[in-house]
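What follows is run.cif (mmCIF, C-alpha atoms and all ligand atoms).
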data_my_file
#
loop_
_atom_site.label_atom_id
_atom_site.label_comp_id
_atom_site.auth_asym_id
_atom_site.auth_seq_id
_atom_site.Cartn_x
_atom_site.Cartn_y
_atom_site.Cartn_z
CA MET A 255 -5.74 24.59 4.68
CA ASP A 256 -7.30 27.35 2.57
CA SER A 257 -4.29 27.50 0.24
CA PHE A 258 -4.31 23.68 -0.02
CA CYS A 259 -8.02 23.64 -0.91
CA TYR A 260 -7.88 26.75 -3.15
CA PRO A 261 -8.22 24.80 -6.46
CA LEU A 262 -11.30 23.05 -5.03
CA TYR A 263 -12.86 26.35 -3.94
CA VAL A 264 -12.30 27.87 -7.39
CA GLU A 265 -13.96 24.85 -8.98
CA LEU A 266 -16.91 25.01 -6.55
CA ILE A 267 -17.48 28.70 -7.28
CA LYS A 268 -17.39 27.95 -11.03
CA LEU A 269 -19.95 25.18 -10.51
CA GLU A 270 -22.20 27.56 -8.55
CA LEU A 271 -22.10 30.05 -11.41
CA GLY A 272 -22.63 27.25 -13.93
CA ILE A 273 -20.40 25.63 -16.53
CA GLU A 274 -21.38 24.92 -20.12
CA ALA A 275 -22.28 21.27 -20.72
CA TYR A 276 -23.91 19.34 -23.58
CA ASP A 277 -27.34 17.69 -23.25
CA GLY A 278 -27.21 14.64 -25.54
CA THR A 279 -31.01 14.07 -25.56
CA ARG A 280 -31.95 17.62 -26.46
CA GLU A 281 -28.80 18.13 -28.51
CA GLN A 282 -28.10 21.49 -27.01
CA LEU A 283 -25.77 23.24 -24.58
CA PHE A 284 -26.94 24.06 -21.06
CA LEU A 285 -25.53 25.54 -17.86
CA LEU A 286 -24.63 22.76 -15.44
CA ARG A 287 -24.67 23.89 -11.80
CA ALA A 288 -23.62 22.04 -8.66
CA PHE A 289 -23.76 23.20 -5.06
CA LEU A 290 -21.82 22.02 -2.04
CA ILE A 291 -24.38 21.72 0.78
CA LEU A 292 -22.58 19.73 3.49
CA VAL A 293 -19.00 19.47 4.73
CA PHE A 294 -18.05 16.69 7.10
CA GLY A 295 -15.04 14.98 8.63
CA ASP A 296 -13.44 14.62 12.05
CA ILE A 297 -13.31 17.57 14.47
CA PRO A 298 -9.73 18.80 13.69
CA ALA A 299 -10.33 18.66 9.91
CA ILE A 300 -13.61 20.58 10.06
CA SER A 301 -12.07 23.19 12.40
CA LEU A 302 -9.48 23.87 9.69
CA MET A 303 -12.15 24.12 6.97
CA MET A 304 -14.17 26.55 9.13
CA ARG A 305 -11.05 28.48 10.24
CA MET A 306 -11.91 27.84 13.86
CA LYS A 307 -9.68 27.17 16.85
CA GLY A 308 -11.48 23.84 17.31
CA HIS A 309 -11.29 21.56 20.31
CA ASN A 310 -8.23 23.38 21.66
CA GLY A 311 -10.02 26.76 21.75
CA LEU A 312 -11.54 28.56 24.71
CA ARG A 313 -14.90 28.17 22.94
CA PRO A 314 -14.23 24.73 21.48
CA CYS A 315 -17.68 23.91 20.08
CA ARG A 316 -18.38 24.88 16.49
CA MET A 317 -22.15 24.72 17.04
CA CYS A 318 -22.46 26.85 20.18
CA ASN A 319 -20.64 29.49 22.20
CA ILE A 320 -20.18 27.38 25.35
CA ARG A 321 -17.05 28.49 27.18
CA GLY A 322 -14.52 25.87 28.17
CA VAL A 323 -13.17 25.43 31.70
CA THR A 324 -9.41 25.53 31.41
CA VAL A 325 -7.30 22.96 33.23
CA ASP A 326 -3.60 22.76 32.33
CA LYS A 327 -4.24 24.62 29.06
CA VAL A 328 -6.95 22.12 28.01
CA HIS A 329 -10.56 23.32 27.78
CA TYR A 330 -13.34 21.07 29.04
CA VAL A 331 -17.04 21.67 28.48
CA PRO A 332 -19.26 20.25 31.23
CA LEU A 333 -22.79 21.66 31.43
CA SER A 334 -22.36 22.06 35.17
CA ARG A 335 -19.32 23.86 36.56
CA SER A 336 -20.76 24.79 39.96
CA CYS A 337 -18.05 22.68 41.61
CA VAL A 338 -15.20 24.61 40.01
CA VAL A 339 -13.17 26.80 42.34
CA GLN A 340 -11.64 29.66 40.43
CA THR A 341 -7.83 29.73 40.70
CA LYS A 342 -5.00 31.09 38.60
CA ASP A 343 -4.74 27.69 36.89
CA VAL A 344 -8.52 27.34 36.46
CA PRO A 345 -9.79 30.79 35.43
CA LEU A 346 -13.50 30.03 35.21
CA LEU A 347 -15.34 32.44 32.96
CA GLY A 348 -18.96 32.37 31.84
CA PRO A 349 -22.03 30.93 33.56
CA ARG A 350 -21.88 28.26 36.27
CA GLU A 351 -24.54 26.13 34.59
CA TYR A 352 -25.49 25.61 30.96
CA ARG A 353 -28.81 24.05 30.09
CA ALA A 354 -28.67 21.29 27.49
CA THR A 355 -31.95 22.51 25.99
CA ASN A 356 -30.87 26.15 25.84
CA LEU A 357 -27.27 26.23 24.61
CA PRO A 358 -26.01 29.56 23.25
CA LEU A 359 -26.07 28.44 19.61
CA ARG A 360 -23.84 30.11 17.02
CA THR A 361 -25.52 31.65 13.98
CA HIS A 362 -24.19 32.25 10.47
CA ASP A 363 -24.40 36.04 10.73
CA GLN A 364 -22.74 36.11 14.13
CA MET A 365 -19.88 33.88 12.95
CA MET A 366 -19.29 35.93 9.80
CA GLN A 367 -19.31 39.15 11.85
CA GLN A 368 -16.79 37.70 14.32
CA ALA A 369 -14.59 36.38 11.50
CA LYS A 370 -14.60 39.86 9.93
CA GLU A 371 -13.66 41.48 13.23
CA VAL A 372 -10.67 39.14 13.56
CA HIS A 373 -9.71 39.78 9.93
CA ASP A 374 -10.01 43.58 10.28
CA ALA A 375 -8.17 43.84 13.62
CA ILE A 376 -5.52 46.57 13.45
CA THR A 377 -2.79 44.70 15.32
CA GLN A 378 -1.83 41.04 15.46
CA THR A 379 -2.30 41.06 19.24
CA SER A 380 -5.88 42.27 19.01
CA ALA A 381 -6.57 39.74 16.22
CA ASP A 382 -5.20 36.98 18.46
CA ASN A 383 -7.30 38.14 21.42
CA LEU A 384 -10.47 38.24 19.33
CA ALA A 385 -9.70 34.83 17.83
CA LYS A 386 -9.29 33.44 21.35
CA GLU A 387 -12.56 35.00 22.52
CA TYR A 388 -14.62 33.88 19.52
CA GLY A 389 -12.84 30.61 18.71
CA ILE A 390 -12.64 31.87 15.11
CA LYS A 391 -9.31 32.57 13.41
CA GLY A 392 -10.53 34.53 10.37
CA ILE A 393 -12.80 34.50 7.33
CA PRO A 394 -13.07 30.95 5.95
CA ALA A 395 -12.71 30.60 2.18
CA LEU A 396 -15.76 28.30 2.19
CA SER A 397 -17.93 31.22 3.37
CA HIS A 398 -17.75 32.51 -0.23
CA LEU A 399 -20.02 29.65 -1.32
CA SER A 400 -23.65 30.77 -1.14
CA SER A 401 -24.88 27.20 -0.62
CA LEU A 402 -23.24 26.74 2.81
CA THR A 403 -24.52 28.00 6.16
CA PHE A 404 -22.19 28.23 9.13
CA PRO A 405 -22.20 26.20 11.35
CA THR A 406 -25.23 24.06 10.35
CA SER A 407 -23.70 22.82 7.08
CA PHE A 408 -20.84 21.26 9.11
CA PRO A 409 -22.51 18.52 11.22
CA PHE A 410 -20.49 16.47 13.69
CA ASP A 411 -19.49 13.14 12.19
CA PHE A 412 -21.33 10.30 13.90
CA MET A 413 -18.66 7.67 13.23
CA HIS A 414 -15.85 9.64 14.88
CA LEU A 415 -18.06 11.03 17.64
CA ILE A 416 -19.58 7.77 18.81
CA TRP A 417 -17.18 5.00 17.94
CA GLU A 418 -13.81 6.72 17.80
CA ASN A 419 -14.40 8.87 20.89
CA THR A 420 -17.40 8.25 23.17
CA LEU A 421 -17.27 4.45 23.13
CA LYS A 422 -13.47 4.27 23.36
CA ASN A 423 -13.58 6.63 26.34
CA LEU A 424 -16.29 4.57 28.05
CA ILE A 425 -14.14 1.44 27.64
CA LEU A 426 -11.20 3.32 29.16
CA PHE A 427 -13.41 4.19 32.15
CA TRP A 428 -14.62 0.60 32.53
CA THR A 429 -11.05 -0.72 32.44
CA GLY A 430 -9.77 2.00 34.82
CA LYS A 431 -7.50 3.60 32.22
CA PHE A 432 -9.23 6.90 31.45
CA LYS A 433 -6.55 9.56 31.95
CA ASP A 434 -4.97 9.82 35.41
CA ILE A 435 -8.14 10.20 37.45
CA ASP A 436 -9.10 7.92 40.34
CA HIS A 437 -11.15 4.88 39.28
CA LYS A 438 -10.70 2.83 42.45
CA GLY A 439 -13.97 1.52 43.85
CA LYS A 440 -16.08 3.28 41.20
CA GLY A 441 -19.32 1.63 40.12
CA TYR A 442 -18.22 1.57 36.47
CA HIS A 443 -14.80 -0.05 37.02
CA ILE A 444 -14.94 -3.67 35.81
CA ALA A 445 -12.36 -6.01 37.38
CA LYS A 446 -9.58 -7.21 35.08
CA HIS A 447 -10.58 -10.90 35.14
CA ILE A 448 -14.21 -10.01 34.33
CA TRP A 449 -13.12 -7.76 31.46
CA GLU A 450 -11.02 -10.65 30.09
CA GLU A 451 -14.08 -12.87 30.27
CA ILE A 452 -16.05 -10.22 28.34
CA GLY A 453 -13.26 -10.27 25.73
CA ARG A 454 -13.51 -14.06 25.36
CA ASP A 455 -17.32 -13.91 25.12
CA THR A 456 -16.97 -11.24 22.44
CA VAL A 457 -14.72 -13.49 20.34
CA ALA A 458 -17.17 -16.39 20.73
CA CYS A 459 -19.95 -14.23 19.24
CA GLY A 460 -18.04 -14.15 15.94
CA ALA A 461 -19.21 -17.70 15.14
CA THR A 462 -22.89 -16.69 15.18
CA ILE A 463 -22.82 -13.31 13.42
CA PRO A 464 -23.15 -13.38 9.58
CA ALA A 465 -20.02 -12.22 7.73
CA SER A 466 -22.15 -9.65 5.90
CA PHE A 467 -22.23 -7.62 9.11
CA GLY A 468 -18.49 -7.04 8.82
CA ALA A 469 -15.26 -8.42 10.22
CA PRO A 470 -15.61 -10.41 13.47
CA VAL A 471 -14.87 -8.44 16.62
CA PRO A 472 -11.56 -9.55 18.17
CA ASN A 473 -10.81 -10.00 21.87
CA ILE A 474 -11.53 -6.47 23.08
CA SER A 475 -9.70 -7.07 26.37
CA LYS A 476 -6.32 -7.76 24.77
CA GLU A 477 -3.69 -5.01 24.79
CA GLY A 478 -2.86 -3.61 21.35
CA VAL A 479 -5.80 -5.27 19.57
CA THR A 480 -6.84 -3.42 16.42
CA MET A 481 -10.49 -2.38 16.41
CA THR A 482 -12.02 -0.58 13.44
CA SER A 483 -15.05 1.69 13.78
CA GLU A 484 -17.13 -1.01 12.13
CA MET A 485 -16.06 -3.47 14.85
CA TYR A 486 -16.91 -0.94 17.58
CA THR A 487 -20.30 -0.44 15.90
CA ASN A 488 -21.09 -4.15 15.86
CA TRP A 489 -19.84 -4.58 19.39
CA THR A 490 -21.94 -1.68 20.70
CA LEU A 491 -25.15 -2.62 18.93
CA PHE A 492 -25.15 -6.42 19.01
CA ILE A 493 -22.60 -7.79 21.49
CA ALA A 494 -22.05 -5.35 24.38
CA PRO A 495 -25.70 -5.28 25.53
CA VAL A 496 -25.37 -9.04 26.22
CA VAL A 497 -21.77 -9.45 27.43
CA LEU A 498 -21.88 -6.38 29.71
CA LYS A 499 -25.11 -7.33 31.48
CA GLY A 500 -24.51 -7.93 35.18
CA ARG A 501 -20.80 -7.06 34.87
CA PHE A 502 -20.72 -3.57 36.43
CA PRO A 503 -20.29 -3.23 40.21
CA GLN A 504 -23.30 -0.87 40.04
CA PRO A 505 -26.09 -1.75 37.54
CA LYS A 506 -26.92 1.93 36.93
CA TYR A 507 -23.84 2.13 34.71
CA TYR A 508 -25.18 -0.69 32.53
CA ASP A 509 -28.58 1.04 32.33
CA HIS A 510 -26.84 4.29 31.37
CA PHE A 511 -24.89 2.52 28.60
CA MET A 512 -28.05 0.84 27.31
CA ARG A 513 -29.77 4.22 27.03
CA LEU A 514 -26.89 5.32 24.79
CA VAL A 515 -27.33 2.17 22.66
CA GLU A 516 -31.07 2.84 22.30
CA THR A 517 -30.48 6.45 21.24
CA ILE A 518 -27.77 5.38 18.77
CA LYS A 519 -30.15 2.81 17.27
CA LEU A 520 -32.77 5.54 16.76
CA CYS A 521 -30.15 7.65 14.93
CA LEU A 522 -29.42 4.74 12.56
CA ALA A 523 -32.98 4.50 11.25
CA LEU A 524 -33.16 4.95 7.49
CA GLU A 525 -36.01 7.45 7.85
CA LEU A 526 -36.70 9.69 10.82
CA THR A 527 -39.90 11.45 11.79
CA ASP A 528 -40.02 14.71 13.77
CA GLU A 529 -41.10 12.69 16.79
CA MET A 530 -38.04 10.40 16.49
CA ILE A 531 -35.71 13.40 16.19
CA LYS A 532 -37.26 14.84 19.36
CA GLN A 533 -36.67 11.49 21.07
CA ILE A 534 -33.02 11.51 19.92
CA GLY A 535 -32.53 15.04 21.29
CA LYS A 536 -34.12 14.08 24.60
CA GLY A 537 -32.15 10.82 24.73
CA PHE A 538 -28.74 12.48 24.31
CA LYS A 539 -29.68 15.34 26.68
CA LEU A 540 -30.58 12.94 29.49
CA TRP A 541 -27.59 10.73 28.71
CA VAL A 542 -25.09 13.62 28.90
CA GLU A 543 -26.70 14.99 32.08
CA ASP A 544 -26.47 11.56 33.70
CA TYR A 545 -22.92 11.10 32.37
CA GLU A 546 -21.97 14.22 34.34
CA LYS A 547 -23.51 12.69 37.48
CA LEU A 548 -22.01 9.21 36.98
CA TYR A 549 -18.54 9.82 35.52
CA TYR A 550 -17.68 13.50 36.11
CA GLU A 551 -19.45 13.37 39.49
CA LYS A 552 -19.40 17.17 39.32
CA LYS A 553 -15.96 17.24 40.96
CA GLN A 554 -13.26 19.67 39.95
CA GLU A 555 -10.56 16.96 39.89
CA ARG A 556 -12.67 15.02 37.34
CA LEU A 557 -13.20 17.90 34.85
CA SER A 558 -11.13 16.01 32.28
CA THR A 559 -14.02 13.55 31.92
CA CYS A 560 -15.90 16.24 29.95
CA PRO A 561 -14.19 16.64 26.56
CA LEU A 562 -15.88 18.28 23.58
CA THR A 563 -16.87 14.88 22.19
CA ILE A 564 -19.35 14.34 25.06
CA HIS A 565 -20.81 17.84 24.69
CA ALA A 566 -21.12 17.40 20.91
CA LEU A 567 -23.71 14.64 21.44
CA LEU A 568 -26.11 17.44 22.43
CA HIS A 569 -25.99 18.79 18.87
CA ILE A 570 -26.76 15.55 17.02
CA ALA A 571 -30.55 15.98 16.97
CA ASP A 572 -30.28 19.53 15.60
CA SER A 573 -27.84 18.34 12.93
CA ILE A 574 -30.24 15.57 11.89
CA LYS A 575 -32.99 18.16 11.55
CA GLU A 576 -30.77 20.38 9.37
CA CYS A 577 -28.83 17.79 7.38
CA GLY A 578 -30.75 14.49 7.47
CA PRO A 579 -30.03 11.11 9.12
CA VAL A 580 -26.46 10.59 10.36
CA TRP A 581 -25.77 7.82 7.82
CA ALA A 582 -26.22 10.33 4.99
CA TYR A 583 -23.00 12.15 5.93
CA TRP A 584 -20.99 9.87 8.19
CA ALA A 585 -17.35 9.08 7.50
CA TYR A 586 -17.54 5.33 6.75
CA PRO A 587 -17.58 5.61 2.93
CA MET A 588 -14.76 8.19 2.92
CA GLU A 589 -12.61 6.18 5.35
CA ARG A 590 -13.20 3.07 3.25
CA HIS A 591 -12.36 5.03 0.11
CA CYS A 592 -9.09 6.22 1.71
CA ASN A 593 -8.23 2.57 2.49
CA THR A 594 -8.80 1.61 -1.14
CA LEU A 595 -6.27 4.28 -2.16
CA LEU A 596 -3.46 2.73 -0.11
CA PRO A 597 -2.45 0.08 -2.69
CA ALA A 598 -2.22 2.85 -5.29
CA ILE A 599 0.53 4.69 -3.41
CA ARG A 600 3.39 2.37 -4.34
CA SER A 601 5.35 4.98 -6.24
CA ARG A 602 7.27 7.19 -3.83
CA ARG A 603 8.44 9.43 -6.66
CA HIS A 604 5.01 10.11 -8.16
CA PRO A 605 2.45 9.32 -5.43
CA TYR A 606 -0.13 11.90 -6.55
CA ALA A 607 -0.06 10.83 -10.20
CA ALA A 608 -0.46 7.20 -9.06
CA ILE A 609 -3.48 8.08 -6.89
CA ALA A 610 -5.07 10.10 -9.70
CA ALA A 611 -4.63 7.23 -12.20
CA PHE A 612 -6.08 4.73 -9.69
CA VAL A 613 -9.11 6.90 -8.85
CA THR A 614 -9.84 7.48 -12.56
CA ALA A 615 -9.59 3.75 -13.34
CA MET A 616 -11.88 2.85 -10.42
CA ALA A 617 -14.45 5.49 -11.44
CA GLN A 618 -14.41 4.13 -15.00
CA ILE A 619 -14.83 0.50 -13.95
CA ASN A 620 -17.65 1.44 -11.54
CA GLN A 621 -19.45 3.28 -14.34
CA ILE A 622 -19.09 0.27 -16.68
CA ARG A 623 -20.44 -2.00 -13.91
CA LEU A 624 -23.48 0.23 -13.40
CA ILE A 625 -24.23 0.93 -17.07
CA TYR A 626 -24.00 -2.71 -18.19
CA ASP A 627 -25.19 -4.25 -14.91
CA ALA A 628 -21.95 -6.24 -14.89
CA GLU A 629 -21.16 -6.40 -11.20
CA GLU A 630 -20.42 -10.11 -11.20
CA GLN A 631 -18.41 -10.13 -14.42
CA LEU A 632 -16.28 -7.18 -13.28
CA ASN A 633 -15.98 -8.21 -9.67
CA LEU A 634 -12.31 -7.87 -8.73
CA ASN A 635 -12.69 -9.55 -5.36
CA PRO A 636 -15.18 -12.40 -5.88
CA ASP A 637 -14.26 -14.64 -2.94
CA LYS A 638 -15.54 -12.23 -0.32
CA ILE A 639 -19.11 -12.15 -1.59
CA ASP A 640 -21.64 -14.39 0.09
CA LYS A 641 -24.00 -15.12 -2.80
CA SER A 642 -26.47 -17.00 -0.64
CA TYR A 643 -27.26 -13.86 1.39
CA SER A 644 -28.81 -10.71 0.02
CA PRO A 645 -28.87 -8.07 2.73
CA PRO A 646 -30.89 -4.88 2.58
CA GLY A 647 -28.75 -1.86 1.79
CA CYS A 648 -28.19 0.95 -0.59
CA LYS A 649 -26.09 0.76 -3.71
CA LEU A 650 -24.18 3.90 -2.87
CA CYS A 651 -22.30 2.46 0.08
CA SER A 652 -23.71 4.91 2.62
CA PHE A 653 -24.85 2.03 4.77
CA PRO A 654 -21.70 -0.10 4.88
CA LEU A 655 -22.87 -2.49 7.57
CA TYR A 656 -25.44 -3.99 5.27
CA CYS A 657 -24.07 -3.05 1.91
CA ARG A 658 -22.80 -5.80 -0.36
CA ARG A 659 -21.20 -3.32 -2.73
CA THR A 660 -18.71 -2.15 -0.11
CA TYR A 661 -16.92 -5.49 -0.50
CA LEU A 662 -16.43 -4.83 -4.18
CA LEU A 663 -14.30 -1.74 -3.69
ZN ZN A 701 -21.94 23.17 21.59
#
Spell out the structure here as structure tokens.
Amino acid sequence: MDSFCYPLYVELIKLELGIEAYDGTREQLFLLRAFLILVFGDIPAISLMMRMKGHNGLRPCRMCNIRGVTVDKVHYVPLSRSCVVQTKDVPLLGPREYRATNLPLRTHDQMMQQAKEVHDAITQTSADNLAKEYGIKGIPALSHLSSLTFPTSFPFDFMHLIWENTLKNLILFWTGKFKDIDHKGKGYHIAKHIWEEIGRDTVACGATIPASFGAPVPNISKEGVTMTSEMYTNWTLFIAPVVLKGRFPQPKYYDHFMRLVETIKLCLALELTDEMIKQIGKGFKLWVEDYEKLYYEKKQERLSTCPLTIHALLHIADSIKECGPVWAYWAYPMERHCNTLLPAIRSRRHPYAAIAAFVTAMAQINQIRLIYDAEEQLNLNPDKIDKSYSPPGCKLCSFPLYCRRTYLL
């Protein structure tokens, strides 16, 4: 990864030092500086950028030093591991209980010290052992940028965490398909015919939700149906609270899900006060603790219900405090941007040149639109715009659910 990103790192260091640019109003040269302050993406990508072992490591969390419980070479991170019986296959190390409010957080200095130790190890074996113990594989090239702090400048991505992991896993529980654990007779397991009814109700909702909210949610109960993160978002926030009511064998599972929805809604606020951030932290703490009671049941054979993506919810409030609201750095705009690149990759011989030409042309046309306020005249996809509706939203596409501009790209 570091060799792949090397040209970017060189450019970022140059920008930190300052490059000569011309100020047209003052008619003079000045030093233009730019600083990278946040890095975000899904968990495997960020692990590579930080040179960490990531979710497959013994200490899988990039924010704290929680030690994983190993089962069949996979490391799970429940807060409570009092049920775990230590065997050769499950070598439990570390405390029996972690407290959600007192996690052993990583610090920048500690991480840099550990990275240096791995880098300076005399033999490959001792480097490997240290890397395993710390979850850090070496000194990351990004640590040479003075504007970044490890690990706080690398917040977990809300889109992947909630809608690509947590929600998908909950649905797998509800439909009795989560891994190979026993779901029979559990209070969260929704019968097949009821789940199919929920799917049909979901489709029916499409007729009453404005198109500006995004594509209609398809029948969620059908095998092989394609659901985007945007569809999962709309389903979670607007549809599931209604169609899931009264559907669980035990209502406490519905209440637990609704507490997740309420905490997610708080995270989506455009502005957050200290009090709201505290509420978010408390909300996720209680939700994860109850998740361990309701789904993990604190049983050794159900350890696989506690992947890193559940634990990571405990770090969201801290990340908001450090980096701002989740919508300021979530992956929607980047994922959408990647989708817009697909039509540009028609040339198999020169794919990179084709992408570069496409990105340049799009940047130019966007600039012309903005400078001359010519969005309508230069709209390349006019049919998809609902002119009768003007939703609130930003013009920078960081709030895609309500952003009209996202349909222009
Ligand atoms: Zn952690």
**Message:** Which residue is closest to ligand ZN 701 (chain A)? Choose from A:Asn620, A:Pro314, A:Ile444, A:Glu265 and count only C-alpha atoms and all ligand atoms.
**Reply:** A:Pro314
**Message:** Counting all atoms listed in the file, what are the residues, protein, DNA or RNA alike, that approach ligand ZN 701 (chain A) to within 6 Å? I want them as a list in words.
**Reply:** Cys315, Met317, Cys318, Ile320 and Ala566 of chain A
Give me, as a Markdown table, the closest atom pair and its distance (Å, one decimal) for every residue of segment 530-573 of chain A within a cut-off of 12 Å of segment 383-406 of chain A, counting all atoms listed in the file, rows sorted by chain and rising number.
| residue | atom | partner | partner_atom | distance |
| --- | --- | --- | --- | --- |
| A:His569 | CA | A:Thr406 | CA | 10.0 |
| A:Ile570 | CA | A:Thr406 | CA | 10.9 |
| A:Ala571 | CA | A:Thr406 | CA | 11.7 |
| A:Asp572 | CA | A:Thr406 | CA | 8.6 |
| A:Ser573 | CA | A:Thr406 | CA | 6.8 |
**Message:** I need the residue nearest Ala465 of chain A from this list: A:Leu285, A:Cys521, A:Met303, A:Met485. Use only C-alpha atoms for the distance.
**Reply:**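 With only C-alpha atoms as the atom set, the closest residue is A:Met485.
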**Prompt:** So how far away is atom CA of Phe289 of chain A from atom CA of Ile273 of chain A, in Å?
**Reply:**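 Going from atom CA of Ile273 of chain A over to atom CA of Phe289 of chain A, I get 12.2 Å.
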**Message:** Rounded to one decimal, what separation in Å do you get between atom CA of Pro470 of chain A and atom CA of Val457 of chain A?
**Reply:**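 Computed distance, atom CA of Pro470 of chain A to atom CA of Val457 of chain A, equals 7.6 Å.
Across the model, the gap from atom CA of Thr594 of chain A to atom CA of Leu302 of chain A is 24.8 Å.
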**Item:** Close residues, Leu333 of chain A itself excluded, 9 Å, all atoms listed in the file, min 4 positions apart in chain, as a PyMOL selection string
**Value:** chain A and resi 320+350-354+542-543+546+560+565
**Request:** Fewer than 4 positions away in the same chain doesn't count, so skip those; otherwise give me all residues within 12 Å of Gly348 of chain A, counting all atoms listed in the file, as a PyMOL selection string.
**Result:** chain A and resi 312-313+319-324+331+333-336+338+340+352+358+387
**Asked** Of the candidates A:Leu524, A:Leu283, A:Ala381, A:Met588, which one gets nearest to Asp411 of chain A if we count all atoms listed in the file?
**Response**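 When distances to Asp411 of chain A are compared using all atoms listed in the file, the smallest one comes from A:Met588.
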**Prompt:** Phe612 of chain A: which residues within 10 Å, counting all atoms listed in the file, same-chain residues fewer than 4 positions away excluded, as a PyMOL selection string?
**Reply:** chain A and resi 594-595+597-599+606-608+616-618
**Request:** Tell me, as a ChimeraX atom specification, which residues lie within 10 Å of Phe511 of chain A, counting all atoms listed in the file; anything in the same chain fewer than 2 positions away does not count.
**Result:** /A:421,424,490,494-495,498,505-509,513-516,541,545
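Compared by their closest atoms to Ile416 of chain A, and using only C-alpha atoms, the residues A:Thr480, A:Gln364, A:Asn593, A:Thr487 rank with A:Thr487 nearest.
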**Request:** Please provide the set of residues having any atom within 10 Å of Glu525 of chain A, restricted to only C-alpha atoms, with same-chain residues fewer than 4 positions apart removed, written as an MDAnalysis selection string.
**Result:** chainID A and resid 520:521 530 578:579
